[in-house]
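A.B. asks: To be precise about what I am sending: the file is called structure_39.txt and holds compact mmCIF, C-alpha atoms and all ligand atoms.
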```txt
# COMPACT_ATOMS: atom_id res chain seq x y z
CA MET A 1 -12.30 3.79 -3.36
CA SER A 2 -9.50 5.34 -1.29
CA VAL A 3 -5.77 4.70 -1.61
CA SER A 4 -2.77 5.14 0.60
CA VAL A 5 0.88 4.24 0.19
CA LEU A 6 2.90 2.81 3.08
CA GLY A 7 6.57 3.60 2.58
CA ALA A 8 7.86 6.86 1.14
CA GLY A 9 10.87 5.68 -0.83
CA ALA A 10 11.34 6.60 -4.48
CA PHE A 11 8.72 4.14 -5.73
CA GLY A 12 6.06 4.74 -3.08
CA THR A 13 6.38 8.47 -3.59
CA ALA A 14 6.15 8.15 -7.38
CA LEU A 15 3.04 5.97 -7.20
CA ALA A 16 1.43 8.36 -4.74
CA ILE A 17 2.12 11.31 -7.06
CA SER A 18 0.68 9.46 -10.05
CA LEU A 19 -2.42 8.27 -8.21
CA ALA A 20 -3.00 11.72 -6.73
CA GLY A 21 -3.82 12.81 -10.28
CA LYS A 22 -7.08 10.85 -9.89
CA GLY A 23 -8.07 11.85 -6.36
CA PRO A 24 -6.88 12.13 -2.75
CA VAL A 25 -3.97 9.86 -1.77
CA THR A 26 -2.18 9.52 1.55
CA LEU A 27 1.55 8.78 1.68
CA TRP A 28 2.73 7.35 5.01
CA ALA A 29 6.38 7.69 6.02
CA ARG A 30 8.24 6.91 9.24
CA ASP A 31 9.19 10.56 9.35
CA ALA A 32 7.01 12.85 7.25
CA GLY A 33 8.31 16.18 8.61
CA ASP A 34 10.59 17.35 5.83
CA MET A 35 8.33 16.09 3.03
CA ALA A 36 5.22 17.67 4.50
CA GLU A 37 7.03 21.00 4.78
CA ARG A 38 8.72 21.03 1.36
CA ARG A 39 5.91 19.17 -0.50
CA GLU A 40 8.64 17.08 -2.13
CA ASN A 41 10.61 13.95 -1.22
CA ALA A 42 13.99 15.63 -1.46
CA LYS A 43 15.88 12.58 -0.21
CA ARG A 44 14.45 9.82 -2.40
CA LEU A 45 12.75 11.52 -5.36
CA PRO A 46 14.01 15.09 -5.73
CA GLY A 47 12.49 17.43 -8.30
CA CYS A 48 8.99 15.89 -8.21
CA PRO A 49 6.63 18.27 -6.39
CA PHE A 50 3.58 16.84 -4.62
CA PRO A 51 0.15 17.64 -6.05
CA GLU A 52 -2.36 19.20 -3.67
CA THR A 53 -4.34 15.96 -3.52
CA LEU A 54 -1.37 14.15 -1.95
CA SER A 55 -1.18 14.27 1.84
CA VAL A 56 1.89 13.06 3.71
CA THR A 57 1.70 11.75 7.23
CA ASP A 58 3.59 9.76 9.83
CA ASP A 59 0.39 9.04 11.70
CA LEU A 60 -0.33 5.35 11.16
CA GLU A 61 -4.07 5.69 11.68
CA ALA A 62 -4.32 8.29 8.93
CA GLY A 63 -2.00 6.24 6.72
CA THR A 64 -4.10 3.09 6.97
CA GLU A 65 -7.65 4.46 6.73
CA ALA A 66 -7.89 3.72 2.99
CA GLU A 67 -9.42 0.56 1.50
CA ILE A 68 -6.42 -0.01 -0.75
CA ILE A 69 -2.94 0.18 0.72
CA LEU A 70 0.17 -0.02 -1.44
CA LEU A 71 3.14 -1.50 0.41
CA ALA A 72 6.24 0.20 -0.97
CA VAL A 73 8.97 -0.89 1.42
CA PRO A 74 11.95 -3.07 0.46
CA MET A 75 11.24 -6.81 0.23
CA GLN A 76 13.38 -7.84 3.18
CA LYS A 77 11.52 -5.31 5.40
CA LEU A 78 7.99 -6.25 4.31
CA ARG A 79 7.28 -8.93 6.93
CA SER A 80 8.44 -6.81 9.87
CA VAL A 81 6.45 -3.78 8.64
CA LEU A 82 3.30 -5.94 8.31
CA GLU A 83 3.86 -7.58 11.70
CA GLU A 84 4.38 -4.20 13.34
CA HIS A 85 1.25 -2.64 11.87
CA LYS A 86 -1.00 -5.66 11.39
CA ASP A 87 -3.79 -4.41 13.67
CA ALA A 88 -4.36 -1.52 11.27
CA LEU A 89 -4.25 -3.67 8.14
CA HIS A 90 -6.84 -6.41 8.71
CA GLY A 91 -9.34 -6.86 5.89
CA LYS A 92 -7.68 -4.34 3.57
CA HIS A 93 -6.62 -4.69 -0.05
CA LEU A 94 -2.85 -4.87 0.37
CA VAL A 95 -0.80 -4.42 -2.80
CA ALA A 96 2.89 -5.26 -2.59
CA CYS A 97 5.03 -2.92 -4.66
CA CYS A 98 8.34 -4.54 -3.82
CA LYS A 99 10.40 -6.95 -5.92
CA GLY A 100 12.23 -9.86 -4.40
CA ILE A 101 12.27 -13.16 -2.58
CA GLU A 102 12.51 -13.16 1.21
CA LEU A 103 15.87 -14.52 2.31
CA SER A 104 14.57 -16.08 5.52
CA SER A 105 11.63 -17.95 3.96
CA GLY A 106 12.23 -18.23 0.18
CA VAL A 107 8.80 -16.76 -0.63
CA GLY A 108 7.70 -13.59 -2.43
CA PRO A 109 5.72 -10.58 -1.21
CA VAL A 110 2.21 -11.93 -1.84
CA SER A 111 2.94 -14.99 0.29
CA VAL A 112 4.41 -12.78 3.01
CA ILE A 113 1.18 -10.74 3.08
CA THR A 114 -0.99 -13.87 3.14
CA GLN A 115 1.06 -15.42 5.93
CA THR A 116 1.06 -12.33 8.14
CA ILE A 117 -2.44 -10.94 7.49
CA PRO A 118 -4.57 -13.84 6.22
CA ASP A 119 -7.84 -11.87 6.08
CA ALA A 120 -6.38 -9.22 3.74
CA THR A 121 -6.74 -9.38 -0.05
CA ALA A 122 -3.16 -9.74 -1.25
CA ALA A 123 -1.93 -8.47 -4.62
CA ILE A 124 1.26 -7.31 -6.31
CA LEU A 125 1.99 -4.40 -8.63
CA THR A 126 5.14 -5.01 -10.64
CA GLY A 127 6.76 -4.51 -14.04
CA PRO A 128 9.09 -2.16 -15.91
CA SER A 129 9.05 1.31 -14.40
CA PHE A 130 11.52 3.71 -12.90
CA ALA A 131 10.10 5.83 -10.11
CA ALA A 132 11.24 9.06 -11.76
CA ASP A 133 9.40 8.15 -14.99
CA ILE A 134 6.13 7.45 -13.15
CA ALA A 135 6.42 10.63 -11.09
CA ARG A 136 7.01 12.69 -14.25
CA GLY A 137 3.87 11.24 -15.80
CA LEU A 138 5.68 9.36 -18.56
CA PRO A 139 3.73 6.44 -20.09
CA THR A 140 4.23 3.20 -18.16
CA ALA A 141 2.60 -0.26 -18.19
CA LEU A 142 2.62 -2.61 -15.20
CA THR A 143 1.16 -5.95 -14.12
CA LEU A 144 -1.38 -6.14 -11.29
CA ALA A 145 -1.59 -9.71 -10.00
CA CYS A 146 -4.25 -10.90 -7.58
CA ALA A 147 -5.41 -14.51 -7.08
CA ASP A 148 -8.97 -13.26 -6.50
CA ALA A 149 -10.10 -12.32 -10.02
CA GLU A 150 -12.84 -9.94 -8.90
CA ALA A 151 -10.57 -8.11 -6.49
CA GLY A 152 -7.97 -7.96 -9.26
CA ARG A 153 -10.43 -6.17 -11.55
CA TYR A 154 -11.27 -3.71 -8.77
CA LEU A 155 -7.60 -2.98 -8.08
CA GLN A 156 -6.77 -2.68 -11.77
CA ALA A 157 -9.42 -0.02 -12.25
CA ALA A 158 -8.55 1.77 -9.03
CA LEU A 159 -4.81 1.96 -9.67
CA THR A 160 -4.75 2.70 -13.40
CA THR A 161 -4.03 6.38 -14.06
CA ALA A 162 -3.84 8.54 -17.19
CA ASN A 163 -0.23 7.47 -17.84
CA LEU A 164 0.02 4.26 -15.83
CA ARG A 165 -1.73 1.40 -17.60
CA LEU A 166 -2.23 -1.81 -15.63
CA TYR A 167 -2.65 -5.29 -17.07
CA ARG A 168 -4.25 -7.95 -14.88
CA THR A 169 -3.43 -11.56 -14.02
CA THR A 170 -4.35 -14.03 -11.31
CA ASP A 171 -0.87 -15.60 -11.46
CA THR A 172 0.71 -13.98 -8.42
CA ILE A 173 3.62 -16.45 -8.32
CA GLY A 174 4.65 -15.64 -11.91
CA ALA A 175 4.35 -11.89 -11.31
CA GLU A 176 6.43 -12.10 -8.12
CA LEU A 177 9.09 -14.21 -9.80
CA GLY A 178 9.42 -11.93 -12.82
CA GLY A 179 10.08 -8.86 -10.67
CA ALA A 180 12.39 -10.69 -8.30
CA LEU A 181 14.53 -12.66 -10.74
CA LYS A 182 15.11 -9.94 -13.33
CA ASN A 183 17.09 -8.03 -10.70
CA VAL A 184 19.54 -10.92 -10.37
CA VAL A 185 20.08 -10.98 -14.13
CA ALA A 186 20.48 -7.18 -14.08
CA ILE A 187 23.36 -7.53 -11.61
CA ALA A 188 24.97 -10.09 -13.94
CA SER A 189 24.42 -7.81 -16.96
CA GLY A 190 25.91 -4.80 -15.17
CA ALA A 191 28.92 -6.88 -14.13
CA ALA A 192 29.53 -7.98 -17.73
CA ILE A 193 29.36 -4.43 -19.04
CA GLY A 194 31.38 -3.06 -16.10
CA ALA A 195 34.12 -5.60 -16.73
CA GLY A 196 34.24 -4.68 -20.42
CA LEU A 197 32.95 -8.06 -21.65
CA GLY A 198 30.71 -6.40 -24.23
CA GLU A 199 27.08 -6.17 -25.25
CA SER A 200 27.04 -9.62 -26.85
CA ALA A 201 27.89 -11.10 -23.45
CA ARG A 202 25.06 -9.09 -21.91
CA ALA A 203 22.59 -10.38 -24.51
CA ALA A 204 23.71 -13.93 -23.73
CA LEU A 205 23.23 -13.36 -19.98
CA MET A 206 19.78 -11.82 -20.49
CA THR A 207 18.64 -14.69 -22.70
CA ARG A 208 20.06 -17.51 -20.61
CA GLY A 209 18.97 -15.64 -17.47
CA TYR A 210 15.44 -15.63 -18.86
CA ALA A 211 15.74 -19.39 -19.47
CA GLU A 212 16.59 -19.98 -15.82
CA MET A 213 13.79 -17.67 -14.70
CA GLN A 214 11.42 -19.87 -16.72
CA ARG A 215 12.78 -23.05 -15.12
CA LEU A 216 12.08 -21.80 -11.60
CA ALA A 217 8.68 -20.42 -12.63
CA ALA A 218 7.70 -23.81 -14.09
CA HIS A 219 8.85 -25.57 -10.93
CA LEU A 220 6.69 -23.23 -8.82
CA LYS A 221 3.73 -23.82 -11.16
CA SER A 222 3.30 -20.31 -12.50
CA GLU A 223 1.66 -19.74 -15.90
CA PRO A 224 4.32 -19.83 -18.66
CA THR A 225 2.83 -16.70 -20.25
CA THR A 226 3.27 -14.52 -17.17
CA LEU A 227 7.04 -14.32 -17.45
CA ALA A 228 6.70 -13.36 -21.10
CA GLY A 229 4.79 -10.26 -20.00
CA LEU A 230 5.62 -6.99 -18.30
CA SER A 231 6.70 -8.45 -14.97
CA GLY A 232 9.25 -10.80 -16.58
CA PHE A 233 10.45 -10.03 -20.09
CA GLY A 234 9.44 -6.36 -19.82
CA ASP A 235 11.26 -5.65 -16.60
CA LEU A 236 14.25 -7.81 -17.56
CA THR A 237 14.72 -5.69 -20.68
CA LEU A 238 14.49 -2.40 -18.80
CA THR A 239 16.65 -3.29 -15.85
CA CYS A 240 19.46 -5.07 -17.72
CA THR A 241 19.97 -2.17 -20.12
CA SER A 242 19.64 1.00 -18.07
CA GLU A 243 22.02 2.77 -15.74
CA GLN A 244 18.95 4.12 -13.96
CA SER A 245 18.69 0.65 -12.39
CA ARG A 246 20.39 0.24 -9.03
CA ASN A 247 20.74 -3.50 -9.59
CA TYR A 248 22.48 -2.89 -12.89
CA ARG A 249 24.73 -0.26 -11.30
CA LEU A 250 25.71 -2.61 -8.46
CA GLY A 251 26.70 -5.13 -11.15
CA GLN A 252 28.73 -2.46 -12.96
CA SER A 253 30.61 -1.70 -9.73
CA LEU A 254 31.35 -5.39 -9.22
CA GLY A 255 32.61 -5.58 -12.79
CA GLN A 256 34.75 -2.46 -12.43
CA GLY A 257 35.94 -3.27 -8.91
CA THR A 258 34.68 0.07 -7.63
CA PRO A 259 32.84 0.70 -4.32
CA PHE A 260 29.05 0.84 -4.15
CA ASP A 261 26.99 2.67 -1.51
CA PRO A 262 25.77 -0.15 0.80
CA THR A 263 22.72 1.88 1.90
CA THR A 264 21.23 1.78 -1.63
CA THR A 265 18.17 -0.46 -2.03
CA VAL A 266 19.34 -3.28 -4.33
CA GLU A 267 16.75 -6.04 -4.14
CA GLY A 268 18.65 -8.46 -6.39
CA ALA A 269 21.42 -9.03 -3.84
CA ALA A 270 19.33 -10.79 -1.17
CA THR A 271 17.18 -12.36 -3.89
CA ALA A 272 20.21 -13.93 -5.62
CA ARG A 273 21.17 -15.62 -2.36
CA ALA A 274 17.58 -16.69 -1.62
CA VAL A 275 17.01 -18.07 -5.12
CA ASP A 276 20.38 -19.79 -5.25
CA ALA A 277 19.45 -21.65 -2.05
CA LEU A 278 15.96 -22.45 -3.41
CA ALA A 279 17.34 -23.75 -6.70
CA ARG A 280 19.96 -25.93 -5.04
CA ASP A 281 17.31 -27.45 -2.72
CA ALA A 282 14.94 -28.10 -5.63
CA GLY A 283 17.67 -29.36 -7.99
CA ILE A 284 17.00 -26.59 -10.55
CA ASP A 285 19.85 -25.48 -12.77
CA MET A 286 20.32 -21.71 -12.28
CA PRO A 287 23.99 -21.07 -13.06
CA ILE A 288 23.72 -17.30 -13.58
CA THR A 289 22.00 -16.87 -10.23
CA ARG A 290 24.69 -19.02 -8.62
CA ALA A 291 27.42 -16.91 -10.25
CA VAL A 292 25.80 -13.67 -9.04
CA ALA A 293 25.50 -15.04 -5.49
CA GLY A 294 29.16 -16.09 -5.68
CA LEU A 295 30.20 -12.63 -6.89
CA LEU A 296 28.27 -10.90 -4.11
CA ASP A 297 29.78 -13.17 -1.47
CA ASN A 298 33.31 -12.69 -2.85
CA GLN A 299 33.60 -16.37 -3.71
CA LEU A 300 34.15 -15.48 -7.37
CA ASP A 301 35.43 -12.53 -9.37
CA VAL A 302 33.87 -11.60 -12.73
CA ALA A 303 36.48 -13.59 -14.69
CA GLY A 304 35.83 -16.64 -12.50
CA ALA A 305 32.06 -16.19 -12.81
CA MET A 306 32.27 -16.05 -16.63
CA LYS A 307 34.56 -19.08 -16.67
CA SER A 308 32.07 -21.00 -14.52
CA LEU A 309 29.37 -20.23 -17.12
CA LEU A 310 31.41 -20.82 -20.27
CA THR A 311 32.96 -24.13 -19.24
CA ARG A 312 29.68 -25.90 -18.47
CA PRO A 313 28.89 -29.00 -20.54
CA LEU A 314 27.47 -28.12 -23.97
CA LYS A 315 23.70 -28.61 -24.25
CA GLU A 316 20.63 -28.06 -26.40
CA GLU A 317 19.03 -24.64 -26.27
N1 LIG B 1 12.77 2.98 -7.37
C1 LIG B 1 12.20 2.43 -8.44
O1 LIG B 1 12.35 2.93 -9.57
C2 LIG B 1 11.36 1.21 -8.30
C3 LIG B 1 11.34 0.45 -7.12
N2 LIG B 1 10.58 -0.66 -7.04
C4 LIG B 1 10.57 -1.47 -5.83
O2 LIG B 1 10.04 -0.72 -4.75
C5 LIG B 1 10.58 -1.20 -3.53
C6 LIG B 1 11.06 -0.01 -2.73
O3 LIG B 1 12.10 0.59 -3.48
P1 LIG B 1 12.40 2.15 -3.46
O4 LIG B 1 11.18 2.92 -3.13
O5 LIG B 1 13.12 2.47 -4.70
O6 LIG B 1 13.42 2.20 -2.23
P2 LIG B 1 14.06 3.46 -1.52
O7 LIG B 1 15.42 3.04 -1.12
O8 LIG B 1 13.90 4.68 -2.33
O9 LIG B 1 13.17 3.62 -0.21
C7 LIG B 1 12.92 2.61 0.70
C8 LIG B 1 11.87 3.14 1.62
O10 LIG B 1 11.46 2.12 2.52
C9 LIG B 1 11.29 2.71 3.77
N3 LIG B 1 11.40 1.73 4.84
C10 LIG B 1 12.39 0.84 5.04
N4 LIG B 1 12.14 0.14 6.14
C11 LIG B 1 10.98 0.60 6.65
C12 LIG B 1 10.20 0.30 7.79
N5 LIG B 1 10.59 -0.68 8.63
N6 LIG B 1 9.08 1.00 8.01
C13 LIG B 1 8.70 1.96 7.16
N7 LIG B 1 9.38 2.31 6.06
C14 LIG B 1 10.52 1.63 5.81
C15 LIG B 1 12.40 3.73 3.87
O11 LIG B 1 12.07 4.66 4.86
P3 LIG B 1 13.13 5.72 5.45
O12 LIG B 1 13.21 6.76 4.37
O13 LIG B 1 12.47 6.17 6.69
O14 LIG B 1 14.41 4.97 5.63
C16 LIG B 1 12.36 4.32 2.47
O15 LIG B 1 11.46 5.36 2.39
C17 LIG B 1 11.72 -2.17 -3.90
O16 LIG B 1 11.28 -3.49 -3.75
C18 LIG B 1 11.97 -1.87 -5.37
O17 LIG B 1 12.42 -3.01 -6.09
C19 LIG B 1 9.80 -1.07 -8.08
C20 LIG B 1 9.79 -0.37 -9.26
C21 LIG B 1 10.56 0.82 -9.45
O1 LIG B 2 12.46 -2.30 -10.70
C1 LIG B 2 12.89 -1.34 -11.28
C2 LIG B 2 12.53 -1.04 -12.68
O2 LIG B 2 11.39 -1.74 -13.09
C3 LIG B 2 13.88 -0.48 -10.63
O3 LIG B 2 15.11 -1.07 -10.77
P1 LIG B 2 16.20 -0.93 -9.62
O4 LIG B 2 15.57 -1.41 -8.33
O5 LIG B 2 17.32 -1.81 -10.09
O6 LIG B 2 16.60 0.50 -9.56
```
What does this structure look like when you write it as structure tokens?
Ligand SMILES: NC(=O)C1=CN([C@@H]2O[C@H](COP(=O)(O)OP(=O)(O)OC[C@H]3O[C@@H](n4cnc5c(N)ncnc54)[C@H](OP(=O)(O)O)[C@@H]3O)[C@@H](O)[C@H]2O)C=CC1
Ligand SMILES: O=C(CO)COP(=O)(O)O
C.D. replies:
Amino acid sequence: MSVSVLGAGAFGTALAISLAGKGPVTLWARDAGDMAERRENAKRLPGCPFPETLSVTDDLEAGTEAEIILLAVPMQKLRSVLEEHKDALHGKHLVACCKGIELSSGVGPVSVITQTIPDATAAILTGPSFAADIARGLPTALTLACADAEAGRYLQAALTTANLRLYRTTDTIGAELGGALKNVVAIASGAAIGAGLGESARAALMTRGYAEMQRLAAHLKSEPTTLAGLSGFGDLTLTCTSEQSRNYRLGQSLGQGTPFDPTTTVEGAATARAVDALARDAGIDMPITRAVAGLLDNQLDVAGAMKSLLTRPLKEE
């Protein structure tokens, strides 16, 4: 079993560091120069030195030799990265480590892998974890989803480390949705806190956000229990309550009316727009997602977004 990580952002680097505790791992970056020299990803994950078993490269051949390749690039870049490098990726175990729904197609990362490289075994690794926690070796539990049960068992064993415990499911749709949708609710939660609306408002958004996550998951035929696990409930809890989350911090900025660095990876922004469009087409009620999309597109301010939620017809829980 050999592992490499394609994409040397904060998360790819953290996973590579954790997995290197078990054996050799290759981390592929577009530009490996500085990291290879310093033995640290000073730009994306400072203060986390690379173990000796971690090699960094910008040579694609070396980066794709392994049987298992973790894809740790942002969701909206995944298809183009796979298209660009598909000749090197045929027949591999490809594990998406990104969270989101593709704006152009309305599908998640596992479907993007299957559509671009049909002879690969597609899986997703998702759940509550901040890159810095994984890199520091703090205890973390994630979901590994793969439609092929046998391949899922293989990947679960290969990618579990001393401090990173993986649970397994074959429900890739549910796992993708949990990781994608919780980011949208995190933006809403951050906006509520940023605007001074209080923690009760955040709890309401998290709970009703979870209800709309479940509605979309049921429509897309995922297992109801998947969202109750690490990829859904677990990651929703983490991301909606921590300033370590970039999605939450973007929401805070929207709530406070302060600027936010547009180069930061915030997966929930594109996903809110993608899911809003999906929900409208399918006739699924997702008012919090719609409010977040409206906030991001300057069609609503936080007061208007809250009014749109609070003035809806009263209903059963
Ligand atoms: N950070 C975290 O705590 C966690 C992140 N995730 C998920 O991981 C995914 C990646 O996030 P994260 O690592 O934080 O993002 P970062 O912003 O830290 O890094 C993004 C990385 O993607 C690389 N990249 C972008 N486009 C390309 C491309 N075309 N070819 C090759 N590499 C490319 C960038 O390379 P370059 O440096 O050359 O620009 C950069 O290294 C997201 O979906 C996120 O939701 C999941 C759990 C935790
Ligand atoms: O997905 C994450 C935690 O599980 C990381 O959250 P952010 O992408 O919002 O920083």
A.B. asks: Extract, using only C-alpha atoms, all DNA, RNA and protein residues at most 12 Å from A:Leu197, discarding same-chain residues fewer than 2 positions from it, and format them as a ChimeraX atom specification.
C.D. replies: /A:188-195,199-205,252,255-256,302-303,306
A.B. asks: For ligand LIG 2 (chain B), list the contacting residues at 6 Å or closer, counting only C-alpha atoms and all ligand atoms, as a count of residues only.
C.D. replies: 11
A.B. asks: Could you check the closest approach to A:Gly268 for each of A:Ile117, A:Leu310, A:Met75, A:Ile69 and tell me which residue wins, using all atoms listed in the file?
C.D. replies: A:Met75
A.B. asks: May I have the residues within 12 Å of A:Gly7 as JSON, numbers by chain, using only C-alpha atoms and disregarding those fewer than 5 positions away in the same chain?
C.D. replies: {"A": [12, 13, 14, 15, 16, 26, 27, 28, 29, 30, 31, 32, 41, 44, 56, 57, 58, 60, 63, 64, 69, 70, 71, 72, 73, 74, 75, 77, 78, 81, 82, 96, 97, 98]}
A.B. asks: From the list A:Cys48, A:Ala131, A:Leu89, A:Ala158, which residue is nearest A:Gln244 when using all atoms listed in the file?
C.D. replies: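 When distances to A:Gln244 are compared using all atoms listed in the file, the smallest one comes from A:Ala131.
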A.B. asks: So what do you get for atom CA of A:Pro118 versus atom CA of A:His85, distance-wise?
C.D. replies: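 Atom CA of A:His85 lies at a distance of 13.8 Å from atom CA of A:Pro118.
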A.B. asks: Could you check the closest approach to A:Ser104 for each of A:Arg79, A:Thr121, A:Met206, A:Pro259 and tell me which residue wins, using only C-alpha atoms?
C.D. replies: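 So, comparing all the options, the nearest one is A:Arg79.
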A.B. asks: From the options A:Ala157, A:Ala145, A:Leu314, A:Leu238, which residue's atoms come nearest to ligand LIG 1 (chain B), counting all atoms listed in the file?
C.D. replies: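 Selected residue with least distance to ligand LIG 1 (chain B): A:Leu238.
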A.B. asks: Grab the atom CA of A:Arg249 to atom CA of A:Leu236 distance for me, in Å with one decimal place.
C.D. replies: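 Interatomic distance here is 14.4 Å.
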A.B. asks: For ligand LIG 1 (chain B), which residue among A:Asp171, A:Glu150, A:Glu84, A:Asp297 is the nearest when counting all atoms listed in the file?
C.D. replies: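 Using all atoms listed in the file, ligand LIG 1 (chain B) sits closest to A:Glu84.
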A.B. asks: Could you check the closest approach to ligand LIG 1 (chain B) for each of A:Gln156, A:Asn183, A:Ser4, A:Ser18 and tell me which residue wins, using all atoms listed in the file?
C.D. replies: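 When distances to ligand LIG 1 (chain B) are compared using all atoms listed in the file, the smallest one comes from A:Asn183.
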A.B. asks: To one decimal place in Å, what is the distance between atom O15 of ligand LIG 1 (chain B) and atom CA of A:Val110?
C.D. replies: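 Spanning atom O15 of ligand LIG 1 (chain B) to atom CA of A:Val110 is a straight-line distance of 20.1 Å.
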A.B. asks: Residues at most 10 Å from A:Gly294, counting all atoms listed in the file, excluding those fewer than 4 positions away in the same chain, as a PyMOL selection string?
C.D. replies: chain A and resi 272-273+276+288-290+298-302+304-305
A.B. asks: Around (7.0, -12.3, -18.9) in the file's frame, which residues reach within 9 Å when counting only C-alpha atoms? Return as a list of chain:residue names?
C.D. replies: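 With a cut-off of 9 Å, the residues come to A:Gly174, A:Ala175, A:Gly178, A:Pro224, A:Thr225, A:Thr226, A:Leu227, A:Ala228, A:Gly229, A:Leu230, A:Ser231, A:Gly232, A:Phe233, A:Gly234, A:Asp235, A:Leu236.
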A.B. asks: Reconstruct stretch 113-124 of chain A at the level of N, CA, C and O atoms, and format the result as a tab-separated table (two decimals), in the frame of the given file.
C.D. replies:
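After the write, result-v2.tsv holds the following:
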```tsv
chain	number	residue	atom	x	y	z
A	113	ILE	N	2.42	-11.41	2.64
A	113	ILE	CA	1.18	-10.74	3.08
A	113	ILE	C	0.18	-11.79	3.58
A	113	ILE	O	-0.41	-11.66	4.65
A	114	THR	N	0.00	-12.84	2.80
A	114	THR	CA	-0.99	-13.87	3.14
A	114	THR	C	-0.64	-14.54	4.46
A	114	THR	O	-1.52	-14.85	5.27
A	115	GLN	N	0.65	-14.77	4.67
A	115	GLN	CA	1.06	-15.42	5.93
A	115	GLN	C	0.88	-14.51	7.14
A	115	GLN	O	0.51	-14.98	8.22
A	116	THR	N	1.11	-13.22	6.97
A	116	THR	CA	1.06	-12.33	8.14
A	116	THR	C	-0.34	-11.77	8.39
A	116	THR	O	-0.73	-11.57	9.54
A	117	ILE	N	-1.10	-11.51	7.31
A	117	ILE	CA	-2.44	-10.94	7.49
A	117	ILE	C	-3.42	-11.74	6.63
A	117	ILE	O	-3.85	-11.29	5.55
A	118	PRO	N	-3.81	-12.93	7.08
A	118	PRO	CA	-4.57	-13.84	6.22
A	118	PRO	C	-5.92	-13.30	5.77
A	118	PRO	O	-6.42	-13.72	4.72
A	119	ASP	N	-6.51	-12.36	6.51
A	119	ASP	CA	-7.84	-11.87	6.08
A	119	ASP	C	-7.75	-10.67	5.14
A	119	ASP	O	-8.76	-10.09	4.76
A	120	ALA	N	-6.53	-10.31	4.73
A	120	ALA	CA	-6.38	-9.22	3.74
A	120	ALA	C	-6.49	-9.81	2.34
A	120	ALA	O	-6.30	-11.01	2.14
A	121	THR	N	-6.82	-8.97	1.36
A	121	THR	CA	-6.74	-9.38	-0.05
A	121	THR	C	-5.35	-8.99	-0.54
A	121	THR	O	-5.00	-7.80	-0.55
A	122	ALA	N	-4.56	-10.00	-0.91
A	122	ALA	CA	-3.16	-9.74	-1.25
A	122	ALA	C	-2.98	-9.64	-2.77
A	122	ALA	O	-3.53	-10.45	-3.52
A	123	ALA	N	-2.20	-8.66	-3.19
A	123	ALA	CA	-1.93	-8.47	-4.62
A	123	ALA	C	-0.51	-7.94	-4.78
A	123	ALA	O	0.15	-7.59	-3.79
A	124	ILE	N	-0.06	-7.90	-6.03
A	124	ILE	CA	1.26	-7.31	-6.31
A	124	ILE	C	1.18	-6.44	-7.56
A	124	ILE	O	0.50	-6.78	-8.52
```
